[in-house]
file model_31.txt (compact mmCIF, C-alpha atoms)
# COMPACT_ATOMS: atom_id res chain seq x y z
CA MET A 1 0.00 0.00 0.00
CA GLU A 2 2.84 2.38 0.90
CA ARG A 3 4.39 1.83 -2.53
CA PHE A 4 1.07 2.64 -4.24
CA ILE A 5 0.78 5.85 -2.24
CA GLN A 6 4.31 6.87 -3.21
CA ILE A 7 3.61 6.17 -6.88
CA ALA A 8 0.43 8.26 -6.54
CA GLY A 9 2.58 11.02 -5.02
CA LEU A 10 4.90 10.98 -8.03
CA LEU A 11 1.98 11.02 -10.46
CA GLN A 12 0.45 13.95 -8.60
CA LEU A 13 3.70 15.88 -9.00
CA GLY A 14 3.33 15.23 -12.74
CA ILE A 15 -0.20 16.67 -12.60
CA ALA A 16 1.06 19.71 -10.68
CA SER A 17 3.65 20.36 -13.39
CA ALA A 18 0.96 19.98 -16.08
CA ASN A 19 -0.72 23.06 -14.59
CA PHE A 20 2.23 25.17 -15.76
CA PHE A 21 1.81 23.93 -19.34
CA ALA A 22 -1.96 24.49 -19.11
CA VAL A 23 -1.38 28.25 -18.83
CA ARG A 24 -0.05 28.34 -22.38
CA MET A 25 -2.11 25.47 -23.78
CA PHE A 26 -5.45 26.95 -22.71
CA ARG A 27 -4.26 30.52 -23.33
CA TYR A 28 -5.26 31.78 -19.92
CA HIS A 29 -3.88 35.30 -20.46
CA GLU A 30 -5.78 35.72 -23.71
CA ALA A 31 -8.94 34.00 -22.50
CA MET A 32 -9.17 36.02 -19.28
CA ALA A 33 -8.44 39.38 -20.94
CA PRO A 34 -12.12 40.39 -21.38
CA VAL A 35 -13.10 39.95 -17.72
CA PRO A 36 -12.57 42.67 -15.06
CA GLU A 37 -9.25 42.66 -13.24
CA ALA A 38 -10.65 41.48 -9.89
CA VAL A 39 -12.31 38.47 -11.54
CA ARG A 40 -9.08 37.70 -13.43
CA GLN A 41 -7.04 37.91 -10.24
CA VAL A 42 -9.35 35.41 -8.53
CA PHE A 43 -8.72 32.99 -11.40
CA TRP A 44 -4.93 33.28 -11.01
CA ILE A 45 -5.15 32.88 -7.26
CA GLN A 46 -7.32 29.79 -7.68
CA ASN A 47 -4.67 28.38 -10.02
CA ILE A 48 -1.89 29.08 -7.55
CA PHE A 49 -3.92 27.42 -4.77
CA ILE A 50 -4.54 24.34 -6.90
CA VAL A 51 -0.83 24.00 -7.72
CA VAL A 52 0.14 24.50 -4.04
CA THR A 53 -2.47 21.93 -3.01
CA VAL A 54 -1.39 19.29 -5.53
CA ILE A 55 2.31 19.77 -4.72
CA GLY A 56 1.47 19.63 -1.00
CA ILE A 57 -0.47 16.39 -1.22
CA SER A 58 2.19 14.89 -3.52
CA LEU A 59 4.85 15.52 -0.91
CA LEU A 60 2.64 14.12 1.87
CA CYS A 61 2.25 10.93 -0.18
CA LEU A 62 5.95 10.69 -1.03
CA VAL A 63 7.29 11.36 2.45
CA HIS A 64 4.63 9.84 4.76
CA PRO A 65 3.10 6.85 2.92
CA THR A 66 3.20 4.60 5.98
CA GLU A 67 1.14 6.96 8.14
CA LEU A 68 -1.28 7.58 5.26
CA ALA A 69 -1.70 3.84 4.71
CA ALA A 70 -2.16 3.06 8.40
CA GLY A 71 -5.93 3.51 8.17
CA ILE A 72 -6.26 5.22 11.54
CA GLY A 73 -6.76 8.74 12.84
CA MET A 74 -5.39 11.68 10.96
CA GLY A 75 -3.66 9.55 8.30
CA SER A 76 -6.98 7.99 7.43
CA ALA A 77 -8.71 11.40 7.36
CA ILE A 78 -6.07 12.85 5.00
CA SER A 79 -6.25 9.76 2.76
CA GLY A 80 -10.04 10.12 2.70
CA PHE A 81 -9.69 13.77 1.67
CA LEU A 82 -7.29 12.81 -1.14
CA ALA A 83 -9.63 10.07 -2.37
CA PHE A 84 -12.56 12.52 -2.34
CA PHE A 85 -10.42 15.22 -4.01
CA TRP A 86 -9.50 13.01 -6.97
CA GLY A 87 -12.78 11.12 -7.03
CA LEU A 88 -14.64 14.40 -7.47
CA ARG A 89 -12.21 15.48 -10.21
CA LEU A 90 -12.92 12.23 -12.04
CA GLY A 91 -16.64 12.96 -11.77
CA VAL A 92 -16.19 16.49 -13.14
CA MET B 1 4.01 25.61 24.43
CA THR B 2 2.14 22.60 25.78
CA ASN B 3 0.40 20.07 23.55
CA GLU B 4 -2.90 21.04 25.09
CA MET B 5 -2.47 24.70 24.21
CA MET B 6 -1.39 23.85 20.66
CA THR B 7 -4.40 21.55 20.31
CA ARG B 8 -6.73 24.33 21.43
CA MET B 9 -5.13 26.83 19.03
CA LEU B 10 -5.49 24.37 16.16
CA MET B 11 -9.14 23.74 17.01
CA ILE B 12 -9.83 27.47 16.94
CA ALA B 13 -7.98 27.75 13.61
CA GLY B 14 -10.01 24.82 12.25
CA GLY B 15 -13.29 26.46 13.22
CA LEU B 16 -12.20 29.84 11.83
CA GLN B 17 -11.27 28.24 8.52
CA LEU B 18 -14.82 27.01 8.15
CA SER B 19 -16.04 30.55 8.86
CA ILE B 20 -13.94 31.79 5.90
CA LEU B 21 -16.41 29.94 3.69
CA VAL B 22 -18.99 32.65 4.43
CA ALA B 23 -16.68 35.10 2.64
CA SER B 24 -16.03 32.59 -0.15
CA ALA B 25 -19.77 32.26 -0.70
CA LEU B 26 -20.11 36.04 -1.10
CA VAL B 27 -17.38 36.40 -3.76
CA PRO B 28 -19.37 35.10 -6.78
CA PHE B 29 -22.17 37.56 -5.97
CA GLN B 30 -19.95 40.53 -5.15
CA LEU B 31 -17.93 40.09 -8.34
CA ASP B 32 -21.03 39.06 -10.32
CA TRP B 33 -19.37 35.96 -11.74
CA ARG B 34 -22.43 34.81 -13.66
CA LYS B 35 -22.48 38.01 -15.72
CA GLU B 36 -18.73 38.64 -15.89
CA LEU B 37 -17.80 35.10 -16.89
CA ALA B 38 -20.44 34.93 -19.64
CA CYS B 39 -17.93 36.26 -22.19
CA LEU B 40 -15.52 33.35 -21.58
CA SER B 41 -15.53 30.11 -23.54
CA LYS B 42 -17.43 27.27 -21.92
CA LEU B 43 -14.18 25.49 -21.02
CA HIS B 44 -12.66 28.50 -19.27
CA ARG B 45 -15.90 29.21 -17.46
CA GLN B 46 -16.04 25.60 -16.26
CA MET B 47 -12.40 25.74 -15.16
CA TYR B 48 -13.14 28.88 -13.17
CA TRP B 49 -16.00 27.26 -11.28
CA VAL B 50 -14.18 23.95 -10.79
CA TYR B 51 -11.04 25.63 -9.46
CA GLY B 52 -13.18 27.73 -7.12
CA GLY B 53 -14.95 24.59 -5.92
CA TYR B 54 -11.65 22.86 -5.28
CA VAL B 55 -10.31 25.73 -3.22
CA VAL B 56 -13.49 25.69 -1.12
CA MET B 57 -13.26 21.90 -0.74
CA SER B 58 -9.64 22.14 0.40
CA ILE B 59 -10.56 24.73 3.04
CA VAL B 60 -13.46 22.53 4.25
CA ALA B 61 -11.07 19.57 4.51
CA PHE B 62 -8.46 21.60 6.41
CA GLY B 63 -11.17 22.75 8.81
CA PHE B 64 -12.64 19.34 9.53
CA ILE B 65 -9.32 17.45 9.64
CA THR B 66 -8.09 20.04 12.14
CA LEU B 67 -11.25 19.98 14.25
CA PHE B 68 -11.38 16.18 14.47
CA HIS B 69 -7.64 15.51 14.75
CA ALA B 70 -6.30 18.59 16.52
CA ALA B 71 -4.52 16.58 19.23
CA GLU B 72 -2.75 14.42 16.64
CA LEU B 73 -1.79 17.50 14.62
CA ALA B 74 -0.36 19.07 17.77
CA SER B 75 1.63 15.95 18.60
CA GLY B 76 4.55 16.87 16.37
CA SER B 77 4.61 13.55 14.50
CA GLY B 78 6.01 13.43 10.97
CA LEU B 79 2.70 13.47 9.10
CA ALA B 80 1.22 16.05 11.50
CA ARG B 81 4.10 18.45 10.95
CA ALA B 82 4.06 17.90 7.19
CA PHE B 83 0.30 18.52 7.00
CA CYS B 84 0.56 21.64 9.19
CA GLY B 85 3.48 22.87 7.06
CA TYR B 86 1.43 22.40 3.93
CA VAL B 87 -1.56 24.31 5.39
CA ALA B 88 0.78 27.06 6.66
CA ILE B 89 2.22 27.46 3.13
CA PHE B 90 -1.32 27.44 1.66
CA TRP B 91 -2.35 30.38 3.87
CA GLY B 92 1.08 32.00 3.70
CA VAL B 93 0.80 32.18 -0.09
CA ARG B 94 -2.68 33.62 0.29
CA ILE B 95 -1.51 36.36 2.64
CA CYS B 96 1.33 37.27 0.27
CA LEU B 97 -1.20 37.65 -2.53
CA GLN B 98 -3.51 39.84 -0.45
CA PRO B 99 -1.82 43.17 -1.44
CA VAL B 100 -1.93 42.15 -5.12
CA PHE B 101 -5.74 42.05 -5.14
CA ASP B 102 -7.39 45.06 -6.73
CA VAL B 103 -10.52 45.07 -4.60
CA LYS B 104 -11.00 48.70 -3.58
CA GLU B 105 -13.81 49.37 -6.03
CA HIS B 106 -15.69 46.32 -4.76
CA LEU B 107 -15.50 47.25 -1.08
CA THR B 108 -18.51 49.50 -1.36
CA LYS B 109 -20.00 48.92 2.10
CA TRP B 110 -18.46 49.26 5.53
CA TRP B 111 -19.01 45.59 6.36
CA LEU B 112 -17.21 44.52 3.19
CA LYS B 113 -14.19 46.66 4.18
CA VAL B 114 -14.22 45.26 7.71
CA GLY B 115 -14.64 41.73 6.35
CA TYR B 116 -11.72 42.16 3.95
CA HIS B 117 -9.37 43.30 6.72
CA LEU B 118 -10.69 40.59 9.03
CA LEU B 119 -9.82 38.02 6.35
CA THR B 120 -6.25 39.34 6.25
CA VAL B 121 -6.00 38.89 10.03
CA LEU B 122 -7.41 35.36 9.77
CA PHE B 123 -4.94 34.40 7.02
CA ALA B 124 -2.13 35.58 9.32
CA ILE B 125 -3.56 33.58 12.26
CA PHE B 126 -3.74 30.41 10.14
CA THR B 127 -0.21 30.85 8.79
CA ILE B 128 1.22 31.43 12.27
CA THR B 129 -0.78 28.67 14.02
CA TYR B 130 -0.07 25.95 11.46
CA GLY B 131 3.50 27.20 11.07
CA MET B 132 4.03 26.80 14.81
CA ALA B 133 2.55 23.29 14.73
CA ALA B 134 4.79 22.41 11.77
CA LEU B 135 7.92 23.56 13.53
CA ARG B 136 7.21 21.74 16.79
CA SER B 137 9.47 18.99 17.94
CA VAL B 138 8.05 15.60 18.97
CA ASN B 139 6.77 15.53 22.55

call {"tool": "encode", "arguments": {"input": "model_31.txt", "output": "structure tokens"}}
result
Amino acid sequence: MERFIQIAGLLQLGIASANFFAVRMFRYHEAMAPVPEAVRQVFWIQNIFIVVTVIGISLLCLVHPTELAAGIGMGSAISGFLAFFWGLRLGV
Amino acid sequence: MTNEMMTRMLMIAGGLQLSILVASALVPFQLDWRKELACLSKLHRQMYWVYGGYVVMSIVAFGFITLFHAAELASGSGLARAFCGYVAIFWGVRICLQPVFDVKEHLTKWWLKVGYHLLTVLFAIFTITYGMAALRSVN
């Protein structure tokens, strides 16, 4: 289980890096140009938060797989959050 | 600082994080997202809403994980410190971005101004509290 969690951590780092390519691929600057500045800033901040979150959870998986796999207490709660996080993304 | 005190501080921070969601819920109305985002392509509009939803979900998770596992988070174990470090960075980044926001024209009522400054204080409290928990040694 620990190995699976570490692999998931590595894959999540890949997803985090994909966010940097998405800026150019989906032409964020161009696409967001027509909206007011405050609305545009919220979009960029959301992006930064998503990248910080994905990098954060990747590192948790890479460095603490044993505690996450233990199935008790906080480790279980964090694993549940990660499962919900990605499960919801799959649904969207 | 004792474990008990750290636990209490984390519980307060967990509860306050959930209260931030009141402000999050106001943002789409204050900035009139429905109207302002209408000019975007469907994909970009969807991304905007999905990213917003994810940020809210992360804050909900931080709040509940902290409320239900405050003692464990205060214990200074490896995962606890890593999680607290991650949440401290999350809010630390947010507080650094606070001066970048161009919100003056949207703070049209006194309670919006007060709320905005209160948010800044809360971001600082979260960064400091989780930062302290992250830097604790094992007791």

call {"tool": "interface_residues", "arguments": {"input": "model_31.txt", "of": "chain B", "to": "chain A", "cutoff": "7 Å", "atoms": "only C-alpha atoms", "output": "mmCIF file with C-alpha atoms, in the coordinates of the input"}}
result
data_model
loop_
_atom_site.group_PDB
_atom_site.id
_atom_site.type_symbol
_atom_site.label_atom_id
_atom_site.label_comp_id
_atom_site.auth_asym_id
_atom_site.auth_seq_id
_atom_site.Cartn_x
_atom_site.Cartn_y
_atom_site.Cartn_z
ATOM 1 C CA LEU B 31 -17.930 40.090 -8.340
ATOM 2 C CA GLU B 36 -18.730 38.640 -15.890
ATOM 3 C CA LEU B 37 -17.800 35.100 -16.890
ATOM 4 C CA LEU B 40 -15.520 33.350 -21.580
ATOM 5 C CA TYR B 48 -13.140 28.880 -13.170
ATOM 6 C CA TYR B 51 -11.040 25.630 -9.460
ATOM 7 C CA GLY B 52 -13.180 27.730 -7.120
ATOM 8 C CA VAL B 55 -10.310 25.730 -3.220
ATOM 9 C CA ALA B 61 -11.070 19.570 4.510
ATOM 10 C CA ILE B 65 -9.320 17.450 9.640
ATOM 11 C CA HIS B 69 -7.640 15.510 14.750
ATOM 12 C CA GLU B 72 -2.750 14.420 16.640
ATOM 13 C CA LEU B 79 2.700 13.470 9.100
ATOM 14 C CA ALA B 82 4.060 17.900 7.190
ATOM 15 C CA TYR B 86 1.430 22.400 3.930
ATOM 16 C CA PHE B 90 -1.320 27.440 1.660
ATOM 17 C CA PHE B 101 -5.740 42.050 -5.140
ATOM 18 C CA ASP B 102 -7.390 45.060 -6.730
ATOM 19 C CA VAL B 103 -10.520 45.070 -4.600
#

call {"tool": "atom_distance", "arguments": {"input": "model_31.txt", "atom1": "atom CA of B:Ser19", "atom2": "atom CA of B:Trp49"}}
result
20.4 Å

call {"tool": "residues_around", "arguments": {"input": "model_31.txt", "residues": "B:Ile89", "least_positions_apart": "5", "cutoff": "9 Å", "atoms": "all atoms listed in the file", "output": "PyMOL selection string"}}
result
(chain A and resi 52+56) or (chain B and resi 84+94+127+130-131)

call {"tool": "closest_residue", "arguments": {"input": "model_31.txt", "among": "B:Pro28, B:Pro99, B:Gly85, B:Gly53", "to": "B:Phe126", "atoms": "all atoms listed in the file"}}
result
B:Gly85

call {"tool": "atom_distance", "arguments": {"input": "model_31.txt", "atom1": "atom CA of B:Thr108", "atom2": "atom CA of B:Leu26"}}
result
13.6 Å

call {"tool": "build_atoms", "arguments": {"input": "model_31.txt", "residues": "stretch 61-77 of chain A", "atoms": "N, CA and C atoms", "output": "compact mmCIF listing (two decimals), keeping the file's coordinate frame"}}
result
# COMPACT_ATOMS: atom_id res chain seq x y z
N CYS A 61 2.28 12.33 0.27
CA CYS A 61 2.25 10.93 -0.18
C CYS A 61 3.66 10.36 -0.32
N LEU A 62 4.58 11.18 -0.81
CA LEU A 62 5.95 10.69 -1.03
C LEU A 62 6.71 10.48 0.28
N VAL A 63 6.48 11.39 1.23
CA VAL A 63 7.29 11.36 2.45
C VAL A 63 6.64 10.56 3.59
N HIS A 64 5.31 10.51 3.63
CA HIS A 64 4.63 9.84 4.76
C HIS A 64 3.65 8.75 4.32
N PRO A 65 4.06 7.87 3.41
CA PRO A 65 3.10 6.85 2.92
C PRO A 65 2.65 5.88 4.02
N THR A 66 3.55 5.58 4.94
CA THR A 66 3.20 4.60 5.98
C THR A 66 2.07 5.12 6.86
N GLU A 67 2.19 6.38 7.29
CA GLU A 67 1.14 6.96 8.14
C GLU A 67 -0.18 7.11 7.37
N LEU A 68 -0.06 7.43 6.07
CA LEU A 68 -1.28 7.58 5.26
C LEU A 68 -1.96 6.24 5.03
N ALA A 69 -1.15 5.18 4.98
CA ALA A 69 -1.70 3.84 4.71
C ALA A 69 -2.17 3.14 5.98
N ALA A 70 -1.87 3.74 7.13
CA ALA A 70 -2.16 3.06 8.40
C ALA A 70 -3.66 2.84 8.64
N GLY A 71 -4.47 3.68 8.04
CA GLY A 71 -5.93 3.51 8.17
C GLY A 71 -6.49 3.92 9.52
N ILE A 72 -5.74 4.73 10.25
CA ILE A 72 -6.26 5.22 11.54
C ILE A 72 -6.05 6.73 11.66
N GLY A 73 -6.91 7.33 12.46
CA GLY A 73 -6.76 8.74 12.84
C GLY A 73 -6.57 9.70 11.70
N MET A 74 -5.62 10.61 11.91
CA MET A 74 -5.39 11.68 10.96
C MET A 74 -4.95 11.16 9.58
N GLY A 75 -4.11 10.12 9.57
CA GLY A 75 -3.66 9.55 8.30
C GLY A 75 -4.84 9.10 7.45
N SER A 76 -5.78 8.46 8.12
CA SER A 76 -6.98 7.99 7.43
C SER A 76 -7.82 9.16 6.94
N ALA A 77 -7.93 10.22 7.75
CA ALA A 77 -8.71 11.40 7.36
C ALA A 77 -8.08 12.08 6.14
